[in-house]
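Q: What follows is a structure written as structure tokens; I'll ask about it next.
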Amino acid sequence: MGHETDDVLDRFRHGDLDAFEALFRLHQRAVFGWILRMVRNPATAEELTVETFWRIYRAHARFEASRGFEGWARRIATHAALDWMRRVRVESGLITEMVVDAPAAEMGDAAVAAEIRRKTARAFERLPAKLRIAAVLAVVEERPHKEIAEALGISVAAVKVRVFRAVRMLRKDLESQGIRP
Amino acid sequence: MTGQDDKVKKLLKEALPRVEDEPEPSRDLWPRVLRRLDEKAGAPPWFDWALGAGVLGMAALFPAAIPVFLYYL
């Protein structure tokens, strides 16, 4: 994410729209990327980026410049994504649409491998939203646990617990579908 | 973590594509943010009220279910 001056942050805290636009221009790409990593759908990520900056502007008076804009924005973005995941639940099939179609090296028959990927993605969609976010950021995107913890407003230990529970739930779900990891 | 858990992680990585390093929105989102800021804050939709009332009703009738409900939040 970029660096903003104290003056811009101070003006934003007082509701200055020009300062807000400057911050938006500086951070929109990073916020969009962060959200995309969680929701896995570009159109939804754009919608949630707009939602995030709307929430950011509404909360301008509560912004503490000493804590930095980047982490604050990421936290708001994470909660916007979490709210969206809870709202749409499993039925959307958005993640399944994004399943990799590339050949899996060690899986043998391509059709079987594709079916396993599809079932894994569906099982992932069935996880509770808070476990899904922790798992996708930690396992798929390989983001540091500390970064995830700050974005979710929880401890690093809690992130590890969520990832552990997500993997165990996925394993059970896959086993119930006849896939033995 | 067991070896099986590691295999589940591997399956997950194979199933979901990793997002590229510097993804960009397809267009400038600032006009949409401005439109959103201009919108008047409307009343919550009826469904939200119904859902809230349902949750409160459940909590009143089955207080033991509150921890379970909070767990799944």
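How things are named: the first chain in the structure tokens is A, the next is B, and so on; residues count from 1 in each chain; ligands count from 1 in the order shown.
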Residues of chain A within 8 Å of chain B, counting only C-alpha atoms, what are they? List them as a ChimeraX atom specification.
A: /A:21,24,29-30,32-33,36-37,40,42,46,50-51,53-54,95,98-100,104,116-118,120-121,124,128,130,139-141,164,167-168,170-171,181
Q: Any chance you could export the current selection's C-alpha atoms as a CSV table (one decimal), in the first residue's frame?
A:
```
chain,number,residue,atom,x,y,z
A,21,GLU,CA,-10.1,10.8,-2.6
A,24,PHE,CA,-8.8,6.2,-2.1
A,29,ARG,CA,-5.8,-1.3,-5.6
A,30,ALA,CA,-4.4,-2.9,-2.4
A,32,PHE,CA,-9.3,-4.5,-4.0
A,33,GLY,CA,-6.6,-7.2,-4.0
A,36,LEU,CA,-10.3,-10.5,-4.1
A,37,ARG,CA,-8.1,-12.9,-2.1
A,40,ARG,CA,-12.4,-15.0,-5.2
A,42,PRO,CA,-13.5,-9.8,-9.3
A,46,GLU,CA,-15.2,-4.4,-6.8
A,50,VAL,CA,-16.9,0.4,-2.9
A,51,GLU,CA,-18.6,-0.8,0.2
A,53,PHE,CA,-14.5,2.9,1.2
A,54,TRP,CA,-18.1,3.9,1.9
A,95,ILE,CA,-15.8,-20.2,-5.8
A,98,MET,CA,-13.1,-20.3,-10.2
A,99,VAL,CA,-11.8,-23.8,-9.8
A,100,VAL,CA,-8.4,-24.3,-11.5
A,104,ALA,CA,-2.8,-31.7,-11.6
A,116,ILE,CA,-11.7,-33.7,-7.0
A,117,ARG,CA,-11.0,-30.0,-7.4
A,118,ARG,CA,-14.7,-29.2,-7.9
A,120,THR,CA,-12.9,-29.6,-2.8
A,121,ALA,CA,-14.1,-26.1,-3.8
A,124,PHE,CA,-14.6,-25.2,1.0
A,128,PRO,CA,-18.4,-21.2,8.0
A,130,LYS,CA,-14.8,-17.0,9.5
A,139,VAL,CA,-3.3,-21.8,3.0
A,140,VAL,CA,-4.1,-20.6,-0.5
A,141,GLU,CA,-2.7,-17.1,-0.4
A,164,PHE,CA,-6.8,-26.1,11.9
A,167,VAL,CA,-8.7,-28.1,7.4
A,168,ARG,CA,-10.3,-30.8,9.7
A,170,LEU,CA,-12.7,-30.0,4.9
A,171,ARG,CA,-11.1,-33.4,5.5
A,181,PRO,CA,-6.8,-37.2,1.3
```
Q: Using DSSP secondary structure from the backbone, list all helix (DSSP H, G or I) positions within chain B, as a VMD selection string.
A: chain B and resid 3 to 15 30 to 38 46 to 61 63 to 71
Q: Just the selected residues (N, CA and C atoms), exported as a short mmCIF file (atom, residue, chain, number, x, y, z; two decimals), in the first residue's frame, please.
A:
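Written output follows (selection07.cif):
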```cif
data_model
loop_
_atom_site.label_atom_id
_atom_site.label_comp_id
_atom_site.auth_asym_id
_atom_site.auth_seq_id
_atom_site.Cartn_x
_atom_site.Cartn_y
_atom_site.Cartn_z
N GLY B 3 -0.16 -35.66 8.33
CA GLY B 3 0.11 -35.75 6.90
C GLY B 3 -1.16 -35.62 6.10
N GLN B 4 -2.26 -36.15 6.66
CA GLN B 4 -3.55 -36.04 5.94
C GLN B 4 -3.98 -34.58 5.82
N ASP B 5 -3.75 -33.83 6.91
CA ASP B 5 -4.11 -32.40 6.85
C ASP B 5 -3.28 -31.69 5.79
N ASP B 6 -2.03 -32.06 5.69
CA ASP B 6 -1.19 -31.45 4.65
C ASP B 6 -1.73 -31.77 3.26
N LYS B 7 -2.24 -33.00 3.11
CA LYS B 7 -2.80 -33.36 1.81
C LYS B 7 -4.07 -32.56 1.51
N VAL B 8 -4.87 -32.30 2.57
CA VAL B 8 -6.07 -31.48 2.38
C VAL B 8 -5.66 -30.08 1.93
N LYS B 9 -4.61 -29.54 2.55
CA LYS B 9 -4.14 -28.21 2.15
C LYS B 9 -3.68 -28.21 0.69
N LYS B 10 -3.03 -29.30 0.30
CA LYS B 10 -2.56 -29.40 -1.08
C LYS B 10 -3.76 -29.43 -2.04
N LEU B 11 -4.79 -30.20 -1.66
CA LEU B 11 -6.00 -30.26 -2.48
C LEU B 11 -6.64 -28.88 -2.61
N LEU B 12 -6.65 -28.17 -1.49
CA LEU B 12 -7.26 -26.84 -1.49
C LEU B 12 -6.50 -25.89 -2.42
N LYS B 13 -5.18 -25.97 -2.36
CA LYS B 13 -4.37 -25.11 -3.24
C LYS B 13 -4.59 -25.45 -4.70
N GLU B 14 -4.79 -26.75 -4.96
CA GLU B 14 -5.02 -27.16 -6.35
C GLU B 14 -6.42 -26.74 -6.82
N ALA B 15 -7.36 -26.69 -5.86
CA ALA B 15 -8.75 -26.38 -6.24
C ALA B 15 -8.97 -24.89 -6.45
N TRP B 30 -13.89 5.13 -8.15
CA TRP B 30 -14.20 6.36 -7.43
C TRP B 30 -15.62 6.88 -7.71
N PRO B 31 -16.06 6.92 -8.99
CA PRO B 31 -17.43 7.39 -9.23
C PRO B 31 -18.49 6.58 -8.47
N ARG B 32 -18.26 5.28 -8.36
CA ARG B 32 -19.22 4.44 -7.62
C ARG B 32 -19.19 4.76 -6.13
N VAL B 33 -17.98 5.05 -5.61
CA VAL B 33 -17.89 5.42 -4.19
C VAL B 33 -18.65 6.73 -3.96
N LEU B 34 -18.46 7.69 -4.87
CA LEU B 34 -19.15 8.97 -4.73
C LEU B 34 -20.67 8.80 -4.77
N ARG B 35 -21.12 7.95 -5.72
CA ARG B 35 -22.57 7.69 -5.81
C ARG B 35 -23.08 7.10 -4.51
N ARG B 36 -22.30 6.18 -3.99
CA ARG B 36 -22.69 5.51 -2.73
C ARG B 36 -22.77 6.51 -1.58
N LEU B 37 -21.80 7.45 -1.56
CA LEU B 37 -21.81 8.44 -0.49
C LEU B 37 -23.01 9.38 -0.60
N ASP B 38 -23.46 9.59 -1.86
CA ASP B 38 -24.59 10.49 -2.08
C ASP B 38 -25.94 9.86 -1.74
N TRP B 46 -37.28 -5.01 4.89
CA TRP B 46 -38.17 -5.72 5.80
C TRP B 46 -37.58 -7.06 6.23
N PHE B 47 -36.81 -7.68 5.32
CA PHE B 47 -36.25 -8.99 5.64
C PHE B 47 -35.30 -8.92 6.85
N ASP B 48 -34.51 -7.81 6.90
CA ASP B 48 -33.59 -7.65 8.03
C ASP B 48 -34.34 -7.55 9.35
N TRP B 49 -35.45 -6.78 9.30
CA TRP B 49 -36.27 -6.66 10.52
C TRP B 49 -36.83 -8.03 10.92
N ALA B 50 -37.34 -8.77 9.92
CA ALA B 50 -37.93 -10.09 10.21
C ALA B 50 -36.88 -11.03 10.78
N LEU B 51 -35.68 -10.97 10.20
CA LEU B 51 -34.60 -11.85 10.67
C LEU B 51 -34.22 -11.50 12.11
N GLY B 52 -34.09 -10.21 12.37
CA GLY B 52 -33.74 -9.75 13.72
C GLY B 52 -34.79 -10.18 14.73
N ALA B 53 -36.07 -10.02 14.34
CA ALA B 53 -37.15 -10.41 15.24
C ALA B 53 -37.12 -11.92 15.49
N GLY B 54 -36.84 -12.68 14.44
CA GLY B 54 -36.76 -14.14 14.57
C GLY B 54 -35.65 -14.57 15.52
N VAL B 55 -34.50 -13.93 15.37
CA VAL B 55 -33.35 -14.27 16.24
C VAL B 55 -33.67 -13.93 17.69
N LEU B 56 -34.26 -12.75 17.91
CA LEU B 56 -34.62 -12.35 19.28
C LEU B 56 -35.65 -13.32 19.87
N GLY B 57 -36.61 -13.71 19.04
CA GLY B 57 -37.64 -14.66 19.49
C GLY B 57 -37.03 -15.99 19.87
N MET B 58 -36.11 -16.46 19.04
CA MET B 58 -35.44 -17.74 19.33
C MET B 58 -34.64 -17.64 20.63
N ALA B 59 -33.96 -16.50 20.80
CA ALA B 59 -33.14 -16.32 22.00
C ALA B 59 -34.02 -16.30 23.25
N ALA B 60 -35.20 -15.70 23.12
CA ALA B 60 -36.10 -15.64 24.27
C ALA B 60 -36.69 -17.02 24.59
N LEU B 61 -37.02 -17.76 23.55
CA LEU B 61 -37.64 -19.08 23.76
C LEU B 61 -36.60 -20.15 24.13
N PRO B 63 -32.95 -19.90 25.37
CA PRO B 63 -31.72 -19.19 25.76
C PRO B 63 -30.47 -20.07 25.68
N ALA B 64 -30.66 -21.39 25.81
CA ALA B 64 -29.49 -22.28 25.75
C ALA B 64 -28.86 -22.30 24.36
N ALA B 65 -29.65 -21.85 23.36
CA ALA B 65 -29.12 -21.87 21.99
C ALA B 65 -28.23 -20.66 21.69
N ILE B 66 -28.20 -19.67 22.60
CA ILE B 66 -27.43 -18.44 22.33
C ILE B 66 -25.95 -18.74 22.12
N PRO B 67 -25.29 -19.54 22.99
CA PRO B 67 -23.86 -19.82 22.73
C PRO B 67 -23.63 -20.51 21.39
N VAL B 68 -24.55 -21.40 21.02
CA VAL B 68 -24.41 -22.10 19.73
C VAL B 68 -24.52 -21.09 18.59
N PHE B 69 -25.48 -20.19 18.72
CA PHE B 69 -25.68 -19.16 17.69
C PHE B 69 -24.43 -18.28 17.58
N LEU B 70 -23.89 -17.86 18.73
CA LEU B 70 -22.69 -17.00 18.73
C LEU B 70 -21.50 -17.74 18.13
N TYR B 71 -21.44 -19.04 18.38
CA TYR B 71 -20.33 -19.84 17.86
C TYR B 71 -20.31 -19.79 16.33
#
```
Q: What is the distance, in Å and to one decimal place, between CA of Leu174 (chain A) and CA of Asn41 (chain A)?
A: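 A separation of 23.5 Å between them.
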Q: Excluding same-chain residues fewer than 3 positions from region 75-89 of chain A, what lies within 6 Å of it counting only C-alpha atoms, as an mmCIF file with C-alpha atoms, in the first residue's frame?
A:
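That gives us around_38.cif:
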```
data_model
loop_
_atom_site.group_PDB
_atom_site.id
_atom_site.type_symbol
_atom_site.label_atom_id
_atom_site.label_comp_id
_atom_site.auth_asym_id
_atom_site.auth_seq_id
_atom_site.Cartn_x
_atom_site.Cartn_y
_atom_site.Cartn_z
ATOM 1 C CA THR A 52 -15.341 -0.722 2.168
ATOM 2 C CA TRP A 72 -7.472 0.108 9.363
ATOM 3 C CA ALA A 129 -17.311 -17.765 6.714
ATOM 4 C CA ALA A 151 -7.197 -7.953 9.618
#
```
Q: Residues within 10 Å of Val159 (chain A), please, as number ranges by chain. Count only C-alpha atoms; anything in the same chain fewer than 3 positions from it doesn't count.
A: A: 130-131, 133-135, 138, 145-150, 152-156, 162-165
Q: Please produce a file of those selected residues containing N, CA and C atoms, as a PDB file, in the first residue's frame.
A:
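Heads up, here's the output in out_38.pdb:
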```pdb
ATOM      1  N   LYS A 130     -16.032 -17.442   8.763  1.00  0.00           N
ATOM      2  CA  LYS A 130     -14.817 -17.027   9.478  1.00  0.00           C
ATOM      3  C   LYS A 130     -13.684 -18.058   9.312  1.00  0.00           C
ATOM      4  N   LEU A 131     -14.048 -19.319   9.121  1.00  0.00           N
ATOM      5  CA  LEU A 131     -13.028 -20.340   8.874  1.00  0.00           C
ATOM      6  C   LEU A 131     -12.528 -20.244   7.434  1.00  0.00           C
ATOM      7  N   ILE A 133     -12.301 -17.587   5.528  1.00  0.00           N
ATOM      8  CA  ILE A 133     -11.378 -16.460   5.343  1.00  0.00           C
ATOM      9  C   ILE A 133      -9.994 -16.811   5.876  1.00  0.00           C
ATOM     10  N   ALA A 134      -9.953 -17.396   7.072  1.00  0.00           N
ATOM     11  CA  ALA A 134      -8.652 -17.752   7.665  1.00  0.00           C
ATOM     12  C   ALA A 134      -7.933 -18.764   6.780  1.00  0.00           C
ATOM     13  N   ALA A 135      -8.672 -19.755   6.287  1.00  0.00           N
ATOM     14  CA  ALA A 135      -8.049 -20.822   5.493  1.00  0.00           C
ATOM     15  C   ALA A 135      -7.568 -20.316   4.143  1.00  0.00           C
ATOM     16  N   ALA A 138      -4.493 -18.011   4.701  1.00  0.00           N
ATOM     17  CA  ALA A 138      -3.298 -18.689   5.227  1.00  0.00           C
ATOM     18  C   ALA A 138      -2.800 -19.795   4.299  1.00  0.00           C
ATOM     19  N   HIS A 145       0.410 -15.174   9.279  1.00  0.00           N
ATOM     20  CA  HIS A 145      -0.647 -15.271  10.293  1.00  0.00           C
ATOM     21  C   HIS A 145      -0.869 -13.931  11.011  1.00  0.00           C
ATOM     22  N   LYS A 146       0.221 -13.204  11.205  1.00  0.00           N
ATOM     23  CA  LYS A 146       0.106 -11.921  11.918  1.00  0.00           C
ATOM     24  C   LYS A 146      -0.771 -10.940  11.127  1.00  0.00           C
ATOM     25  N   GLU A 147      -0.554 -10.926   9.826  1.00  0.00           N
ATOM     26  CA  GLU A 147      -1.334 -10.036   8.957  1.00  0.00           C
ATOM     27  C   GLU A 147      -2.818 -10.413   8.992  1.00  0.00           C
ATOM     28  N   ILE A 148      -3.084 -11.715   8.944  1.00  0.00           N
ATOM     29  CA  ILE A 148      -4.477 -12.193   8.985  1.00  0.00           C
ATOM     30  C   ILE A 148      -5.107 -11.850  10.332  1.00  0.00           C
ATOM     31  N   ALA A 149      -4.334 -12.052  11.397  1.00  0.00           N
ATOM     32  CA  ALA A 149      -4.834 -11.774  12.748  1.00  0.00           C
ATOM     33  C   ALA A 149      -5.227 -10.303  12.877  1.00  0.00           C
ATOM     34  N   GLU A 150      -4.384  -9.418  12.359  1.00  0.00           N
ATOM     35  CA  GLU A 150      -4.679  -7.984  12.451  1.00  0.00           C
ATOM     36  C   GLU A 150      -5.916  -7.632  11.633  1.00  0.00           C
ATOM     37  N   LEU A 152      -8.433  -9.563  10.943  1.00  0.00           N
ATOM     38  CA  LEU A 152      -9.645 -10.123  11.537  1.00  0.00           C
ATOM     39  C   LEU A 152      -9.885  -9.592  12.957  1.00  0.00           C
ATOM     40  N   GLY A 153      -8.881  -8.939  13.520  1.00  0.00           N
ATOM     41  CA  GLY A 153      -9.017  -8.427  14.882  1.00  0.00           C
ATOM     42  C   GLY A 153      -8.982  -9.536  15.912  1.00  0.00           C
ATOM     43  N   ILE A 154      -8.191 -10.573  15.642  1.00  0.00           N
ATOM     44  CA  ILE A 154      -8.056 -11.687  16.587  1.00  0.00           C
ATOM     45  C   ILE A 154      -6.559 -11.978  16.789  1.00  0.00           C
ATOM     46  N   SER A 155      -6.248 -12.923  17.695  1.00  0.00           N
ATOM     47  CA  SER A 155      -4.844 -13.236  17.951  1.00  0.00           C
ATOM     48  C   SER A 155      -4.290 -14.186  16.881  1.00  0.00           C
ATOM     49  N   VAL A 156      -2.963 -14.264  16.818  1.00  0.00           N
ATOM     50  CA  VAL A 156      -2.323 -15.205  15.887  1.00  0.00           C
ATOM     51  C   VAL A 156      -2.725 -16.640  16.240  1.00  0.00           C
ATOM     52  N   ARG A 162      -8.355 -21.448  13.752  1.00  0.00           N
ATOM     53  CA  ARG A 162      -9.360 -21.421  12.666  1.00  0.00           C
ATOM     54  C   ARG A 162      -8.884 -22.203  11.443  1.00  0.00           C
ATOM     55  N   VAL A 163      -7.608 -22.057  11.129  1.00  0.00           N
ATOM     56  CA  VAL A 163      -7.079 -22.788   9.971  1.00  0.00           C
ATOM     57  C   VAL A 163      -7.132 -24.293  10.258  1.00  0.00           C
ATOM     58  N   PHE A 164      -6.747 -24.666  11.459  1.00  0.00           N
ATOM     59  CA  PHE A 164      -6.769 -26.078  11.855  1.00  0.00           C
ATOM     60  C   PHE A 164      -8.190 -26.646  11.743  1.00  0.00           C
ATOM     61  N   ARG A 165      -9.150 -25.897  12.268  1.00  0.00           N
ATOM     62  CA  ARG A 165     -10.546 -26.364  12.224  1.00  0.00           C
ATOM     63  C   ARG A 165     -11.060 -26.422  10.788  1.00  0.00           C
TER      64      ARG A 165
END
```
Q: Could you jot down the CA of Arg25 (chain A) to CA of Thr44 (chain A) separation for me, Å, one decimal place?
A: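 A separation of 19.4 Å between them.
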Q: CA of Val136 (chain A) to CA of Ile179 (chain A): how many Å, to one decimal?
A: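 Going from CA of Val136 (chain A) over to CA of Ile179 (chain A), I get 20.3 Å.
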